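First up is the structure itself, then whatever we jot down about it.
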Amino acid sequence: MLGAGILLLLCLLISLWPSSPQQLDLPKTVDFNYHIRPLLSQNCFVCHGPDSSSREAGLRLDNLEGATALLESGNYAIVPGDAEGGSLIQRLRSENPEVRMPPPEAKKIMSEREIALLEKWIDQGAEWKPHWAFIHPEMPDIPGNLKETSIAHKIDHFIEEELNRRELKKSDQASKNSLIRRASYILTGLPPAPEAVDAFIADSSEQAFEKVVDQYLASPHFGERWARHWMDLVRYGEAMGHEFDIEISHAWEYRDYLIRAFNADVPFDLFVKEHLAGDMLEEPRYHPAEGYNESIFGTGYFYLGEGKHSPVDTKQEEADKIDNMIDVTSKTFQALTVACSRCHDHKFDPIPTTDYYAMYGMIESARLGPHPARSGKEKASTFNKL
């Protein structure tokens, strides 16, 4: 009986013993943006982030300067290269509820692996990288024997390198039947015609697949297929939703503009300008056959949001519509959630509330008005002078 009790006690002690780094499966090098920034933002930024009005103990953990600054207590939260030398790890591991972070009222418990990741990152120097979206992309090192090959071969090199690292085998090379089906579905959203499949299989030239891709890029269905992806980004709809789902007048004009733009291979910088200020371009783009102003259609996406037929609070309705425009615009063109700064400085990205209201002012000062969009150069010029 005594032996069974000792065995039970040993099992309990083993279960409570801290896991070793090997058991926690920690990466060889802890990456700040991938491993650490999410942990800090989820567990610490509410009380120790950019918002000074809610910051506790004078500690700021959303930038390197704040995280390594001398605190009011006379301690440092993070000492790069020495995890045990700073108070952050000590407080994360403390058993005292008055000291332990996050505090019990936050109802957040960091796992042993998460704390170990922070600990290893600090021991490795606590390198603080900018947000991934603001890091300029760099060309990776390419082995000398690949520098003169086609880009496809370079990509294949990196894929094979990663497969080998993960001890995975690459799939068999796709058949010509599979290749043309993939190209057709990706570029046009439609299956290939039987005669197109037969022609591709019979073509033994090195340019056979290149010709197939060019054929689908030149198809009018290419614009229809890829305009749909863009329409998802700008929340395209032909009605306002809500209770009565009121139709948005001439919304289809924006849809058709997108299809024409993709089929015409409009440069992306011009495409962006047309969306943000298509009605103000000094030299707009004109339809090559019919001569009407194409650029002005781009601004139509601003008005594709939800709307009510008779809002009780008209000012609140206006604020919500503009907020939606800011949210869609910043996500689509910047890949940033600027709308988070409506009520406070952004918790994760370097976007202050002043930036949000600067955008708000620009959009609020604009007005929806009629315009002879399908008029020729001469008519449009006359209208602009009125």
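Numbering starts fresh at 1 for the residues of each chain in the structure tokens, the chains themselves are lettered A, B, ... in the order given, and ligands are numbered from 1 as they appear.
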
Checklist entry - Out of stretch 160-280 of chain A, which residues get alpha helix (DSSP H) from DSSP, as an MDAnalysis selection string? => result chainID A and resid 160:165 176:188 194:202 208:217 220:233 251:263 268:277

Can you check which parts of stretch 48-68 of chain A lie within 12 Å of stretch 328-348 of chain A? Per residue, the shortest pair of atoms and distance in Å to one decimal, counting only C-alpha atoms, sorted by chain and number, as JSON lines.
```
{"residue": "A:His48", "atom": "CA", "partner": "A:Lys347", "partner_atom": "CA", "distance": 9.7}
{"residue": "A:Gly49", "atom": "CA", "partner": "A:Lys347", "partner_atom": "CA", "distance": 6.4}
{"residue": "A:Pro50", "atom": "CA", "partner": "A:Lys347", "partner_atom": "CA", "distance": 6.3}
{"residue": "A:Asp51", "atom": "CA", "partner": "A:Asp345", "partner_atom": "CA", "distance": 6.1}
{"residue": "A:Ser52", "atom": "CA", "partner": "A:Asp345", "partner_atom": "CA", "distance": 9.3}
{"residue": "A:Ser53", "atom": "CA", "partner": "A:His344", "partner_atom": "CA", "distance": 9.7}
{"residue": "A:Ser54", "atom": "CA", "partner": "A:His344", "partner_atom": "CA", "distance": 10.4}
{"residue": "A:Arg55", "atom": "CA", "partner": "A:Lys347", "partner_atom": "CA", "distance": 11.6}
{"residue": "A:Arg60", "atom": "CA", "partner": "A:Lys347", "partner_atom": "CA", "distance": 11.4}
{"residue": "A:Leu61", "atom": "CA", "partner": "A:Phe348", "partner_atom": "CA", "distance": 10.7}
{"residue": "A:Asp62", "atom": "CA", "partner": "A:Phe348", "partner_atom": "CA", "distance": 7.5}
{"residue": "A:Asn63", "atom": "CA", "partner": "A:Phe348", "partner_atom": "CA", "distance": 10.1}
```

Using the selection just defined, write its residues with C-alpha atoms as an mmCIF file, in the first residue's frame.
```
data_model
loop_
_atom_site.group_PDB
_atom_site.id
_atom_site.type_symbol
_atom_site.label_atom_id
_atom_site.label_comp_id
_atom_site.auth_asym_id
_atom_site.auth_seq_id
_atom_site.Cartn_x
_atom_site.Cartn_y
_atom_site.Cartn_z
ATOM 1 C CA HIS A 48 1.079 47.443 -22.360
ATOM 2 C CA GLY A 49 0.475 48.645 -25.903
ATOM 3 C CA PRO A 50 0.468 51.910 -27.864
ATOM 4 C CA ASP A 51 -2.602 53.356 -26.131
ATOM 5 C CA SER A 52 -1.122 55.472 -23.325
ATOM 6 C CA SER A 53 -4.525 55.991 -21.654
ATOM 7 C CA SER A 54 -4.807 52.281 -20.789
ATOM 8 C CA ARG A 55 -1.119 51.481 -20.279
ATOM 9 C CA ARG A 60 5.140 49.415 -23.301
ATOM 10 C CA LEU A 61 5.703 46.106 -25.113
ATOM 11 C CA ASP A 62 4.766 47.016 -28.680
ATOM 12 C CA ASN A 63 8.200 48.445 -29.531
#
```

Checklist entry - In Å, with one decimal, what is the gap from atom CA of A:Arg100 to atom CA of A:Pro27? => result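 Computed distance, atom CA of A:Arg100 to atom CA of A:Pro27, equals 25.8 Å.
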
Next on the checklist: Just checking: using only C-alpha atoms, which residue out of A:Glu95, A:Ala133, A:Tyr34, A:Leu368 ends up closest to A:Ser249?
Outcome noted: A:Leu368

Checklist entry - What gap, in Å, lies between atom CA of A:His250 and atom CA of A:Phe268? => result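 Between these atoms lies a distance of 24.1 Å.
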
Next on the checklist: Between atom CA of A:Trp128 and atom CA of A:Lys107, what is the distance in Å, rounded to a tenth?
Outcome noted: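 Separation of atom CA of A:Trp128 and atom CA of A:Lys107: 27.3 Å.
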
Set out as CSV a contact list for stretch 324-377 of chain A and stretch 276-292 of chain A with a cut-off of 12 Å, giving each residue of stretch 324-377 of chain A that qualifies its closest atom pair and distance in Å to one decimal, counting only C-alpha atoms, ordered by chain and rising residue number.
```
residue,atom,partner,partner_atom,distance
A:Met325,CA,A:Leu276,CA,11.2
A:Ile326,CA,A:Leu276,CA,11.5
A:Val328,CA,A:Leu276,CA,11.9
A:Thr329,CA,A:Leu276,CA,8.7
A:Ser330,CA,A:Leu276,CA,11.2
A:Thr332,CA,A:Leu276,CA,11.4
A:Phe333,CA,A:Leu276,CA,9.8
A:Met359,CA,A:Leu276,CA,11.8
A:Met362,CA,A:Leu276,CA,10.9
A:Ile363,CA,A:Leu276,CA,10.2
A:Ala366,CA,A:Ala277,CA,10.8
A:Arg367,CA,A:Asp279,CA,11.7
A:Leu368,CA,A:Asp279,CA,11.1
A:Gly369,CA,A:Asp279,CA,10.9
A:Pro370,CA,A:Asp279,CA,11.5
A:His371,CA,A:Asp279,CA,9.4
A:Pro372,CA,A:Tyr292,CA,9.3
A:Ala373,CA,A:Tyr292,CA,7.0
A:Arg374,CA,A:Tyr292,CA,5.0
A:Ser375,CA,A:Tyr292,CA,5.2
A:Gly376,CA,A:Tyr292,CA,4.4
A:Lys377,CA,A:Tyr292,CA,6.3
```
